[in-house]
>>> print(open('upload.cif').read())   # mmCIF, C-alpha atoms
data_data
#
loop_
_atom_site.group_PDB
_atom_site.id
_atom_site.type_symbol
_atom_site.label_atom_id
_atom_site.label_comp_id
_atom_site.auth_asym_id
_atom_site.auth_seq_id
_atom_site.Cartn_x
_atom_site.Cartn_y
_atom_site.Cartn_z
ATOM 1 C CA MET A 1 76.497 91.883 108.191
ATOM 2 C CA LYS A 2 80.105 91.254 107.220
ATOM 3 C CA ALA A 3 81.475 91.157 103.680
ATOM 4 C CA SER A 4 85.009 90.258 102.644
ATOM 5 C CA GLY A 5 86.804 92.268 100.000
ATOM 6 C CA LEU A 6 90.006 92.161 98.015
ATOM 7 C CA ARG A 7 93.198 93.665 99.363
ATOM 8 C CA TRP A 8 95.599 95.220 96.880
ATOM 9 C CA ARG A 9 99.115 96.547 97.301
ATOM 10 C CA SER A 10 100.168 99.089 94.684
ATOM 11 C CA LEU A 11 103.465 100.837 94.070
ATOM 12 C CA MET A 12 103.018 104.316 92.629
ATOM 13 C CA LEU A 13 105.456 106.869 91.298
ATOM 14 C CA LEU A 14 105.258 110.313 92.870
ATOM 15 C CA THR A 15 106.019 112.754 90.070
ATOM 16 C CA PRO A 16 105.316 116.461 89.549
ATOM 17 C CA LEU A 17 103.296 117.404 86.468
ATOM 18 C CA PRO A 18 103.866 120.985 85.341
ATOM 19 C CA TRP A 19 100.461 121.347 83.673
ATOM 20 C CA ALA A 20 98.689 120.218 86.848
ATOM 21 C CA ASN A 21 100.972 122.256 89.139
ATOM 22 C CA ARG A 22 101.057 119.428 91.665
ATOM 23 C CA VAL A 23 102.392 115.936 92.276
ATOM 24 C CA TRP A 24 100.473 112.953 90.874
ATOM 25 C CA THR A 25 100.802 109.317 91.896
ATOM 26 C CA LEU A 26 101.078 106.959 88.917
ATOM 27 C CA PRO A 27 100.499 103.239 89.672
ATOM 28 C CA PHE A 28 102.925 100.901 87.937
ATOM 29 C CA LEU A 29 102.980 97.645 89.956
ATOM 30 C CA THR A 30 99.950 96.184 91.754
ATOM 31 C CA ALA A 31 99.522 92.810 93.432
ATOM 32 C CA LEU A 32 96.614 91.002 95.081
ATOM 33 C CA VAL A 33 97.466 90.239 98.720
ATOM 34 C CA PRO A 34 95.305 87.413 100.136
ATOM 35 C CA SER A 35 94.538 87.359 103.852
ATOM 36 C CA GLN A 36 95.958 84.828 106.283
ATOM 37 C CA ARG A 37 92.590 83.089 106.650
ATOM 38 C CA TYR A 38 92.249 82.741 102.864
ATOM 39 C CA ASN A 39 95.677 81.101 102.585
ATOM 40 C CA GLU A 40 95.138 78.814 105.564
ATOM 41 C CA GLU A 41 91.836 77.541 104.174
ATOM 42 C CA ARG A 42 93.603 76.566 100.946
ATOM 43 C CA GLY A 43 96.778 75.229 102.499
ATOM 44 C CA ARG A 44 98.991 77.963 101.090
ATOM 45 C CA ARG A 45 101.971 79.624 102.694
ATOM 46 C CA HIS A 46 100.952 83.021 104.000
ATOM 47 C CA ARG A 47 102.988 86.082 103.192
ATOM 48 C CA THR A 48 102.488 89.241 105.223
ATOM 49 C CA LEU A 49 102.045 92.740 103.868
ATOM 50 C CA THR A 50 105.697 93.501 104.493
ATOM 51 C CA ASP A 51 106.765 90.294 102.715
ATOM 52 C CA TRP A 52 104.846 91.383 99.604
ATOM 53 C CA ALA A 53 106.213 94.916 99.867
ATOM 54 C CA ARG A 54 109.793 93.684 100.207
ATOM 55 C CA GLN A 55 109.484 91.474 97.124
ATOM 56 C CA MET A 56 107.836 94.209 95.041
ATOM 57 C CA LEU A 57 110.474 96.779 96.005
ATOM 58 C CA ARG A 58 113.335 94.414 95.186
ATOM 59 C CA VAL A 59 111.755 93.807 91.770
ATOM 60 C CA VAL A 60 111.670 97.567 91.142
ATOM 61 C CA GLN A 61 115.277 97.794 92.291
ATOM 62 C CA ARG A 62 116.249 95.210 89.664
ATOM 63 C CA TRP A 63 114.348 97.193 87.039
ATOM 64 C CA CYS A 64 116.251 100.387 87.959
ATOM 65 C CA PRO A 65 119.821 99.334 88.831
ATOM 66 C CA GLY A 66 121.906 102.077 90.359
ATOM 67 C CA ARG A 67 118.928 104.361 90.914
ATOM 68 C CA PRO A 68 118.176 105.341 94.544
ATOM 69 C CA LEU A 69 114.660 104.534 95.722
ATOM 70 C CA ILE A 70 112.752 106.539 98.323
ATOM 71 C CA VAL A 71 109.574 104.844 99.544
ATOM 72 C CA VAL A 72 106.830 106.716 101.396
ATOM 73 C CA ALA A 73 104.532 104.351 103.309
ATOM 74 C CA ASP A 74 101.863 104.436 105.988
ATOM 75 C CA SER A 75 102.056 103.142 109.554
ATOM 76 C CA ALA A 76 101.406 99.530 108.496
ATOM 77 C CA TYR A 77 105.007 99.407 107.281
ATOM 78 C CA ALA A 78 106.579 100.791 110.460
ATOM 79 C CA VAL A 79 108.073 97.356 111.193
ATOM 80 C CA ILE A 80 111.633 97.362 112.454
ATOM 81 C CA ASN A 81 112.792 94.050 110.947
ATOM 82 C CA TRP A 82 111.267 94.949 107.542
ATOM 83 C CA LEU A 83 112.962 98.333 107.557
ATOM 84 C CA PHE A 84 116.236 96.725 108.626
ATOM 85 C CA ASP A 85 116.052 94.177 105.780
ATOM 86 C CA LEU A 86 115.628 96.942 103.199
ATOM 87 C CA GLN A 87 118.896 98.528 104.377
ATOM 88 C CA GLN A 88 120.911 95.415 103.537
ATOM 89 C CA GLY A 89 122.736 95.179 100.205
ATOM 90 C CA ARG A 90 121.548 98.080 98.101
ATOM 91 C CA PRO A 91 119.586 100.107 100.660
ATOM 92 C CA ILE A 92 116.090 101.408 99.965
ATOM 93 C CA THR A 93 115.126 104.551 101.855
ATOM 94 C CA VAL A 94 111.776 104.359 103.646
ATOM 95 C CA ILE A 95 109.814 107.226 105.213
ATOM 96 C CA THR A 96 106.960 106.349 107.574
ATOM 97 C CA ARG A 97 105.232 107.686 110.658
ATOM 98 C CA LEU A 98 106.839 107.210 114.072
ATOM 99 C CA ARG A 99 105.004 106.772 117.357
ATOM 100 C CA LEU A 100 105.633 109.492 119.904
ATOM 101 C CA ASP A 101 106.406 106.840 122.531
ATOM 102 C CA ALA A 102 108.844 104.861 120.375
ATOM 103 C CA ALA A 103 111.903 103.457 122.152
ATOM 104 C CA LEU A 104 114.817 105.515 120.817
ATOM 105 C CA TYR A 105 118.427 105.198 121.979
ATOM 106 C CA GLU A 106 121.784 106.827 121.539
ATOM 107 C CA PRO A 107 124.351 105.042 119.350
ATOM 108 C CA ALA A 108 126.235 102.251 121.064
ATOM 109 C CA PRO A 109 129.551 103.359 122.597
ATOM 110 C CA GLU A 110 132.733 102.028 121.073
ATOM 111 C CA ARG A 111 134.111 98.865 122.585
ATOM 112 C CA GLN A 112 137.003 99.529 124.918
ATOM 113 C CA VAL A 113 140.276 97.588 125.002
ATOM 114 C CA GLY A 114 139.952 94.747 127.486
ATOM 115 C CA GLN A 115 136.198 95.171 127.844
ATOM 116 C CA MET A 116 134.426 92.035 129.061
ATOM 117 C CA GLY A 117 131.119 90.702 127.753
ATOM 118 C CA ARG A 118 129.240 91.253 124.561
ATOM 119 C CA THR A 119 129.449 94.422 122.499
ATOM 120 C CA ARG A 120 126.602 96.781 123.282
ATOM 121 C CA LEU A 121 123.951 97.224 120.578
ATOM 122 C CA LYS A 122 122.628 100.558 121.815
ATOM 123 C CA GLY A 123 123.446 103.444 124.070
ATOM 124 C CA ASN A 124 121.361 105.197 126.690
ATOM 125 C CA ARG A 125 117.606 105.563 126.292
ATOM 126 C CA LEU A 126 116.533 108.925 124.864
ATOM 127 C CA PRO A 127 113.479 110.839 126.111
ATOM 128 C CA ASN A 128 110.215 110.022 124.362
ATOM 129 C CA LEU A 129 109.318 112.383 121.560
ATOM 130 C CA ALA A 130 106.052 113.113 123.362
ATOM 131 C CA SER A 131 108.035 114.746 126.172
ATOM 132 C CA LEU A 132 109.626 117.178 123.697
ATOM 133 C CA VAL A 133 106.288 118.542 122.523
ATOM 134 C CA ASN A 134 105.490 120.513 125.683
ATOM 135 C CA ASP A 135 109.068 121.000 126.857
ATOM 136 C CA PRO A 136 109.767 124.783 126.944
ATOM 137 C CA THR A 137 113.455 124.136 126.225
ATOM 138 C CA THR A 138 112.722 122.443 122.880
ATOM 139 C CA ARG A 139 114.175 124.587 120.102
ATOM 140 C CA TRP A 140 111.724 124.436 117.217
ATOM 141 C CA GLN A 141 112.749 125.483 113.717
ATOM 142 C CA SER A 142 110.213 127.308 111.544
ATOM 143 C CA ILE A 143 110.144 126.215 107.899
ATOM 144 C CA ARG A 144 107.822 126.579 104.932
ATOM 145 C CA ALA A 145 106.746 123.371 103.254
ATOM 146 C CA HIS A 146 106.474 123.960 99.508
ATOM 147 C CA ARG A 147 103.533 121.536 99.171
ATOM 148 C CA TRP A 148 101.306 120.821 102.137
ATOM 149 C CA TYR A 149 98.024 118.942 101.580
ATOM 150 C CA GLY A 150 96.855 121.268 98.832
ATOM 151 C CA GLU A 151 98.491 124.384 100.300
ATOM 152 C CA LEU A 152 101.633 126.132 99.117
ATOM 153 C CA ASN A 153 104.404 127.436 101.378
ATOM 154 C CA ARG A 154 102.719 126.244 104.560
ATOM 155 C CA GLU A 155 104.570 127.289 107.722
ATOM 156 C CA VAL A 156 105.244 124.520 110.250
ATOM 157 C CA LYS A 157 107.695 123.981 113.112
ATOM 158 C CA ILE A 158 110.033 121.006 113.209
ATOM 159 C CA ILE A 159 112.803 119.488 115.253
ATOM 160 C CA SER A 160 114.982 116.624 114.066
ATOM 161 C CA GLN A 161 117.759 114.328 115.256
ATOM 162 C CA THR A 162 119.256 110.894 114.606
ATOM 163 C CA ALA A 163 118.813 107.916 116.913
ATOM 164 C CA LEU A 164 118.615 104.130 117.128
ATOM 165 C CA TRP A 165 115.238 102.414 117.115
ATOM 166 C CA TYR A 166 115.491 99.210 119.108
ATOM 167 C CA HIS A 167 113.239 96.334 120.153
ATOM 168 C CA ALA A 168 114.466 93.410 122.232
ATOM 169 C CA GLY A 169 115.556 90.508 120.056
ATOM 170 C CA LEU A 170 115.674 92.599 116.877
ATOM 171 C CA PRO A 171 118.595 94.420 115.243
ATOM 172 C CA PRO A 172 118.870 98.140 116.024
ATOM 173 C CA LEU A 173 117.852 100.472 113.209
ATOM 174 C CA PRO A 174 119.575 103.847 112.707
ATOM 175 C CA LEU A 175 117.086 106.512 111.672
ATOM 176 C CA ARG A 176 116.442 110.205 111.465
ATOM 177 C CA TRP A 177 113.278 111.356 113.200
ATOM 178 C CA VAL A 178 111.378 114.566 112.504
ATOM 179 C CA LEU A 179 108.855 116.001 114.939
ATOM 180 C CA VAL A 180 106.308 118.280 113.228
ATOM 181 C CA ARG A 181 104.079 120.830 114.968
ATOM 182 C CA ASP A 182 101.441 123.077 113.404
ATOM 183 C CA PRO A 183 101.538 126.692 114.681
ATOM 184 C CA LYS A 184 97.900 127.089 113.608
ATOM 185 C CA GLY A 185 96.837 124.047 115.616
ATOM 186 C CA LYS A 186 94.902 122.463 112.724
ATOM 187 C CA PHE A 187 96.587 119.070 113.172
ATOM 188 C CA SER A 188 98.147 117.328 116.145
ATOM 189 C CA THR A 189 101.899 117.028 116.509
ATOM 190 C CA GLN A 190 103.253 113.987 114.697
ATOM 191 C CA ALA A 191 106.601 112.311 114.148
ATOM 192 C CA LEU A 192 108.206 110.845 111.022
ATOM 193 C CA ARG A 193 111.098 108.437 110.598
ATOM 194 C CA CYS A 194 113.534 108.054 107.713
ATOM 195 C CA THR A 195 116.087 105.299 107.251
ATOM 196 C CA ASP A 196 118.455 107.617 105.352
ATOM 197 C CA LEU A 197 120.320 109.718 107.904
ATOM 198 C CA LEU A 198 121.567 112.125 105.222
ATOM 199 C CA LEU A 199 118.145 113.348 104.053
ATOM 200 C CA SER A 200 117.284 116.759 105.447
ATOM 201 C CA PRO A 201 114.215 117.196 107.683
ATOM 202 C CA VAL A 202 112.566 119.369 105.012
ATOM 203 C CA GLN A 203 113.070 116.682 102.358
ATOM 204 C CA ILE A 204 111.592 114.044 104.668
ATOM 205 C CA LEU A 205 108.563 116.179 105.509
ATOM 206 C CA GLU A 206 107.787 117.221 101.937
ATOM 207 C CA SER A 207 108.224 113.655 100.666
ATOM 208 C CA PHE A 208 105.811 112.265 103.245
ATOM 209 C CA VAL A 209 103.184 114.955 102.638
ATOM 210 C CA GLN A 210 103.064 114.028 98.940
ATOM 211 C CA ARG A 211 101.733 110.605 99.895
ATOM 212 C CA TRP A 212 98.187 111.962 100.293
ATOM 213 C CA GLN A 213 97.980 112.177 96.478
ATOM 214 C CA LEU A 214 97.452 108.419 96.273
ATOM 215 C CA GLU A 215 94.000 108.956 97.792
ATOM 216 C CA VAL A 216 93.247 111.221 94.831
ATOM 217 C CA THR A 217 94.399 108.496 92.440
ATOM 218 C CA PHE A 218 92.157 105.907 94.105
ATOM 219 C CA GLU A 219 89.178 108.261 93.841
ATOM 220 C CA GLU A 220 89.864 109.020 90.175
ATOM 221 C CA VAL A 221 90.140 105.368 89.115
ATOM 222 C CA ARG A 222 86.900 104.591 90.929
ATOM 223 C CA ALA A 223 85.045 107.493 89.350
ATOM 224 C CA HIS A 224 86.363 107.312 85.768
ATOM 225 C CA LEU A 225 87.917 103.882 85.141
ATOM 226 C CA GLY A 226 85.459 101.604 86.928
ATOM 227 C CA VAL A 227 87.735 100.188 89.618
ATOM 228 C CA GLU A 228 85.724 98.249 92.244
ATOM 229 C CA THR A 229 82.699 98.058 89.919
ATOM 230 C CA GLN A 230 83.905 95.293 87.592
ATOM 231 C CA ARG A 231 82.590 91.725 87.916
ATOM 232 C CA GLN A 232 84.880 88.753 87.433
ATOM 233 C CA TRP A 233 84.191 85.053 87.760
ATOM 234 C CA THR A 234 87.698 83.558 87.638
ATOM 235 C CA ASP A 235 90.792 84.023 89.795
ATOM 236 C CA LEU A 236 92.885 85.104 86.811
ATOM 237 C CA ALA A 237 90.404 87.809 85.847
ATOM 238 C CA ILE A 238 90.351 89.107 89.419
ATOM 239 C CA ALA A 239 94.146 89.197 89.584
ATOM 240 C CA ARG A 240 94.623 91.143 86.339
ATOM 241 C CA THR A 241 91.669 93.524 85.927
ATOM 242 C CA THR A 242 92.344 95.925 88.797
ATOM 243 C CA PRO A 243 96.124 96.156 88.100
ATOM 244 C CA ALA A 244 95.312 96.810 84.423
ATOM 245 C CA LEU A 245 92.892 99.616 85.314
ATOM 246 C CA LEU A 246 95.371 101.188 87.717
ATOM 247 C CA GLY A 247 98.031 100.988 85.021
ATOM 248 C CA LEU A 248 95.595 102.596 82.583
ATOM 249 C CA PHE A 249 95.499 105.650 84.847
ATOM 250 C CA SER A 250 99.247 106.049 84.362
ATOM 251 C CA LEU A 251 99.087 105.444 80.606
ATOM 252 C CA VAL A 252 96.358 108.047 80.136
ATOM 253 C CA THR A 253 98.347 110.548 82.185
ATOM 254 C CA LEU A 254 101.507 109.966 80.147
ATOM 255 C CA MET A 255 99.642 110.230 76.821
ATOM 256 C CA ALA A 256 97.991 113.486 77.872
ATOM 257 C CA HIS A 257 101.347 114.786 79.112
ATOM 258 C CA GLU A 258 102.894 114.054 75.719
ATOM 259 C CA ARG A 259 100.139 115.917 73.876
ATOM 260 C CA TRP A 260 100.221 118.896 76.226
ATOM 261 C CA GLN A 261 103.929 119.435 75.606
ATOM 262 C CA SER A 262 103.085 121.241 72.378
ATOM 263 C CA CYS A 263 99.762 122.881 73.225
ATOM 264 C CA GLU A 264 97.815 124.344 76.118
ATOM 265 C CA PRO A 265 95.838 121.854 78.220
ATOM 266 C CA TRP A 266 92.100 121.791 77.642
ATOM 267 C CA VAL A 267 90.279 122.482 80.907
ATOM 268 C CA ARG A 268 86.535 122.062 81.068
ATOM 269 C CA ARG A 269 84.841 124.603 83.311
ATOM 270 C CA ALA A 270 81.354 124.902 84.727
ATOM 271 C CA ALA A 271 79.320 127.811 86.037
ATOM 272 C CA TRP A 272 79.545 126.424 89.565
ATOM 273 C CA TYR A 273 83.192 125.319 89.369
ATOM 274 C CA ASP A 274 85.819 127.667 87.944
ATOM 275 C CA LYS A 275 88.580 125.108 87.447
ATOM 276 C CA THR A 276 91.886 126.565 86.269
ATOM 277 C CA LEU A 277 94.136 123.463 86.138
ATOM 278 C CA PRO A 278 93.438 120.152 84.375
ATOM 279 C CA THR A 279 92.525 117.053 86.367
ATOM 280 C CA PHE A 280 92.422 113.405 85.353
ATOM 281 C CA VAL A 281 89.016 113.772 83.704
ATOM 282 C CA ASP A 282 90.544 116.424 81.403
ATOM 283 C CA ALA A 283 93.513 114.143 80.641
ATOM 284 C CA LEU A 284 91.135 111.290 79.827
ATOM 285 C CA ALA A 285 89.056 113.511 77.543
ATOM 286 C CA GLU A 286 92.227 114.683 75.768
ATOM 287 C CA VAL A 287 93.293 111.106 75.068
ATOM 288 C CA ARG A 288 89.816 110.196 73.806
ATOM 289 C CA ARG A 289 89.805 113.273 71.587
ATOM 290 C CA ALA A 290 93.123 112.206 70.048
ATOM 291 C CA LEU A 291 92.053 108.600 69.484
ATOM 292 C CA TRP A 292 88.705 109.462 67.957
ATOM 293 C CA LYS A 293 90.349 111.691 65.360
ATOM 294 C CA VAL A 294 91.956 108.667 63.733
ATOM 295 C CA PRO A 295 90.386 107.962 60.262
ATOM 296 C CA THR A 296 89.243 104.565 61.501
ATOM 297 C CA PHE A 297 86.424 106.299 63.355
ATOM 298 C CA ARG A 298 85.116 108.517 60.556
ATOM 299 C CA MET A 299 81.371 108.350 59.978
ATOM 300 C CA SER A 300 81.179 108.234 56.169
ATOM 301 C CA ALA A 301 82.814 105.554 54.042
ATOM 302 C CA PRO A 302 84.920 106.568 50.996
ATOM 303 C CA GLY A 303 82.938 106.999 47.777
ATOM 304 C CA ARG A 304 79.699 107.916 49.472
ATOM 305 C CA GLU A 305 78.128 111.328 49.606
ATOM 306 C CA MET A 306 79.557 113.264 52.550
ATOM 307 C CA VAL A 307 77.166 114.849 55.007
ATOM 308 C CA GLN A 308 78.226 118.386 55.832
ATOM 309 C CA VAL A 309 77.913 119.236 59.508
ATOM 310 C CA PRO A 310 78.911 122.595 61.009
ATOM 311 C CA LEU A 311 82.363 122.413 62.591
ATOM 312 C CA ASP A 312 81.149 124.102 65.763
ATOM 313 C CA LEU A 313 78.516 121.411 66.240
ATOM 314 C CA ILE A 314 81.084 118.653 65.692
ATOM 315 C CA GLU A 315 83.431 120.170 68.251
ATOM 316 C CA ARG A 316 80.683 120.577 70.838
ATOM 317 C CA LEU A 317 79.501 117.021 70.248
ATOM 318 C CA ALA A 318 83.018 115.613 70.476
ATOM 319 C CA ASP A 319 83.651 117.520 73.686
ATOM 320 C CA ALA A 320 80.443 116.196 75.238
ATOM 321 C CA LEU A 321 81.274 112.627 74.236
ATOM 322 C CA CYS A 322 84.864 112.839 75.469
ATOM 323 C CA TYR A 323 83.695 113.775 78.949
ATOM 324 C CA ALA A 324 80.577 111.637 79.093
ATOM 325 C CA ALA A 325 81.923 108.374 77.663
#
>>> encode(input="upload.cif", output="structure tokens")
Amino acid sequence: MKASGLRWRSLMLLTPLPWANRVWTLPFLTALVPSQRYNEERGRRHRTLTDWARQMLRVVQRWCPGRPLIVVADSAYAVINWLFDLQQGRPITVITRLRLDAALYEPAPERQVGQMGRTRLKGNRLPNLASLVNDPTTRWQSIRAHRWYGELNREVKIISQTALWYHAGLPPLPLRWVLVRDPKGKFSTQALRCTDLLLSPVQILESFVQRWQLEVTFEEVRAHLGVETQRQWTDLAIARTTPALLGLFSLVTLMAHERWQSCEPWVRRAAWYDKTLPTFVDALAEVRRALWKVPTFRMSAPGREMVQVPLDLIERLADALCYAA
């Protein structure tokens, strides 16, 4: 049995939250990306994933003029012509994975006086990154990544250099590559690429590792905001409901952040889970607690006899409702 689903592309801001002691991803721009078959059946011009991503990033660049943008993306965006386009005009830095067998070259030599023929686009072919992994002459550098998939100060070994990435018929792309190896052997050696040659290898590695937080965001919006459970019957409702719910995640986070500037975060604990730092469910409960304190939601109308209820009972009831709603 085969079922078709909806494909969304979402831009999220990677930002550290001091009360959570980690980086969160806050969605702020989401678009529905129809498949090629869907567009062909309706006679529409098809735009690829990279076409949508390019347009969305240029929109963000217009929103934030003069502000440098660093984009962390998965392997689907490791497309040389897309990366090259983003370096034109006001460049946008992109960090993605790099295949270990990618064709990397030295920079093209300078054109000599009296040289015949076309100007060279690239220099000599460099060894594949895969050959550096087991080469005993490779000089690895030990570093400690401040944030590493839930760990702090994780020790890894890296090696980095600049090169040209080239495919026949496409413009060469200058990049900085970083080869990462785990001394503990818990993950296989992998390579990263960055279109900004001035970023340090540590900055590239720590920026890419933060990307895993978007999986946490997707899980939270499914569990607490109803993403992928809503039912819509019109195209407009489909196109706006999921982006609105993803944006709600960011709004709730910002509202909780504002409240927790002046007081300690409220963290709900359980006998089987000794949680010390707030998560999204705590932020959502904090926002509900603030909204429900507004006089609009009081139980007794003015002029009527007030029912006295113990404060402790009210607080326990409010806490239960804030987390269960």
>>> closest_residue(input="upload.cif", among="A:Pro243, A:Tyr273, A:Arg268, A:Tyr166", to="A:Leu29", atoms="only C-alpha atoms")
A:Pro243
>>> closest_atom_pairs(input="upload.cif", of="stretch 162-195 of chain A", to="stretch 79-83 of chain A", cutoff="10 Å", atoms="only C-alpha atoms", output="Markdown table")
| residue | atom | partner | partner_atom | distance |
| --- | --- | --- | --- | --- |
| A:Trp165 | CA | A:Ile80 | CA | 7.8 |
| A:Tyr166 | CA | A:Ile80 | CA | 7.9 |
| A:His167 | CA | A:Ile80 | CA | 7.9 |
| A:Leu170 | CA | A:Asn81 | CA | 6.8 |
| A:Pro171 | CA | A:Asn81 | CA | 7.2 |
| A:Pro172 | CA | A:Ile80 | CA | 8.1 |
| A:Leu173 | CA | A:Ile80 | CA | 7.0 |
| A:Cys194 | CA | A:Leu83 | CA | 9.7 |
| A:Thr195 | CA | A:Leu83 | CA | 7.6 |
>>> closest_residue(input="upload.cif", among="A:Leu284, A:Leu126, A:Leu236, A:Leu192", to="A:Ser75", atoms="all atoms listed in the file")
A:Leu192
>>> resolve_selection(input="upload.cif", expression="the PyMOL selection byres ((chain A and resi 103) around 10)", output="number ranges by chain")
A: 99-102, 104-105, 125-129, 163-167
>>> closest_atom_pairs(input="upload.cif", of="stretch 242-299 of chain A", to="stretch 20-28 of chain A", cutoff="9 Å", atoms="only C-alpha atoms", output="tab-separated table")
residue	atom	partner	partner_atom	distance
A:Pro243	CA	A:Phe28	CA	8.3
A:Leu246	CA	A:Pro27	CA	5.9
A:Gly247	CA	A:Phe28	CA	5.7
A:Leu248	CA	A:Pro27	CA	8.6
A:Phe249	CA	A:Leu26	CA	7.0
A:Ser250	CA	A:Leu26	CA	5.0
A:Leu251	CA	A:Leu26	CA	8.7
A:Thr253	CA	A:Leu26	CA	8.1
A:Leu277	CA	A:Ala20	CA	5.6
A:Pro278	CA	A:Ala20	CA	5.8
A:Thr279	CA	A:Ala20	CA	6.9
>>> closest_residue(input="upload.cif", among="A:Thr234, A:Phe187, A:Glu264, A:Gln213", to="A:Thr276", atoms="only C-alpha atoms")
A:Glu264
>>> closest_residue(input="upload.cif", among="A:Val178, A:Ile143, A:Leu152, A:Val209", to="A:Ala73", atoms="only C-alpha atoms")
A:Val209
>>> resolve_selection(input="upload.cif", expression="the PyMOL selection byres ((chain A and resi 239) around 10)", output="CSV table (one decimal) with C-alpha atoms, in the frame of the given file")
chain,number,residue,atom,x,y,z
A,6,LEU,CA,90.0,92.2,98.0
A,8,TRP,CA,95.6,95.2,96.9
A,30,THR,CA,100.0,96.2,91.8
A,31,ALA,CA,99.5,92.8,93.4
A,32,LEU,CA,96.6,91.0,95.1
A,33,VAL,CA,97.5,90.2,98.7
A,232,GLN,CA,84.9,88.8,87.4
A,234,THR,CA,87.7,83.6,87.6
A,235,ASP,CA,90.8,84.0,89.8
A,236,LEU,CA,92.9,85.1,86.8
A,237,ALA,CA,90.4,87.8,85.8
A,238,ILE,CA,90.4,89.1,89.4
A,240,ARG,CA,94.6,91.1,86.3
A,241,THR,CA,91.7,93.5,85.9
A,242,THR,CA,92.3,95.9,88.8
A,243,PRO,CA,96.1,96.2,88.1
A,244,ALA,CA,95.3,96.8,84.4
>>> closest_residue(input="upload.cif", among="A:Ile159, A:Arg9, A:Leu291, A:Glu41", to="A:Gln55", atoms="all atoms listed in the file")
A:Arg9
>>> atom_distance(input="upload.cif", atom1="atom CA of A:Arg211", atom2="atom CA of A:Thr189")
17.8 Å
>>> atom_distance(input="upload.cif", atom1="atom CA of A:Arg7", atom2="atom CA of A:Leu225")
18.3 Å
>>> decode(input="upload.cif", residues="stretch 77-89 of chain A", atoms="N, CA and C atoms", output="tab-separated table (two decimals), in the first residue's frame")
chain	number	residue	atom	x	y	z
A	77	TYR	N	20.75	19.26	-0.27
A	77	TYR	CA	21.13	20.57	-0.78
A	77	TYR	C	22.61	20.64	-1.14
A	78	ALA	N	23.26	19.51	-1.26
A	78	ALA	CA	24.65	19.47	-1.70
A	78	ALA	C	24.68	19.46	-3.23
A	79	VAL	N	24.20	20.55	-3.82
A	79	VAL	CA	24.08	20.70	-5.27
A	79	VAL	C	24.98	21.85	-5.69
A	80	ILE	N	25.92	21.58	-6.56
A	80	ILE	CA	26.98	22.55	-6.84
A	80	ILE	C	26.44	23.83	-7.47
A	81	ASN	N	25.50	23.72	-8.43
A	81	ASN	CA	25.00	24.95	-9.06
A	81	ASN	C	24.15	25.78	-8.10
A	82	TRP	N	23.42	25.11	-7.17
A	82	TRP	CA	22.65	25.84	-6.17
A	82	TRP	C	23.57	26.57	-5.19
A	83	LEU	N	24.61	25.89	-4.76
A	83	LEU	CA	25.57	26.52	-3.85
A	83	LEU	C	26.29	27.67	-4.54
A	84	PHE	N	26.61	27.49	-5.82
A	84	PHE	CA	27.29	28.55	-6.57
A	84	PHE	C	26.38	29.78	-6.70
A	85	ASP	N	25.09	29.56	-6.98
A	85	ASP	CA	24.16	30.68	-7.12
A	85	ASP	C	24.06	31.50	-5.84
A	86	LEU	N	24.10	30.84	-4.69
A	86	LEU	CA	23.97	31.55	-3.42
A	86	LEU	C	25.21	32.38	-3.08
A	87	GLN	N	26.31	32.16	-3.82
A	87	GLN	CA	27.52	32.96	-3.58
A	87	GLN	C	27.56	34.21	-4.44
A	88	GLN	N	26.59	34.36	-5.34
A	88	GLN	CA	26.56	35.54	-6.21
A	88	GLN	C	25.85	36.68	-5.49
A	89	GLY	N	26.25	37.92	-5.81
A	89	GLY	CA	25.67	39.08	-5.14
A	89	GLY	C	26.06	39.10	-3.68
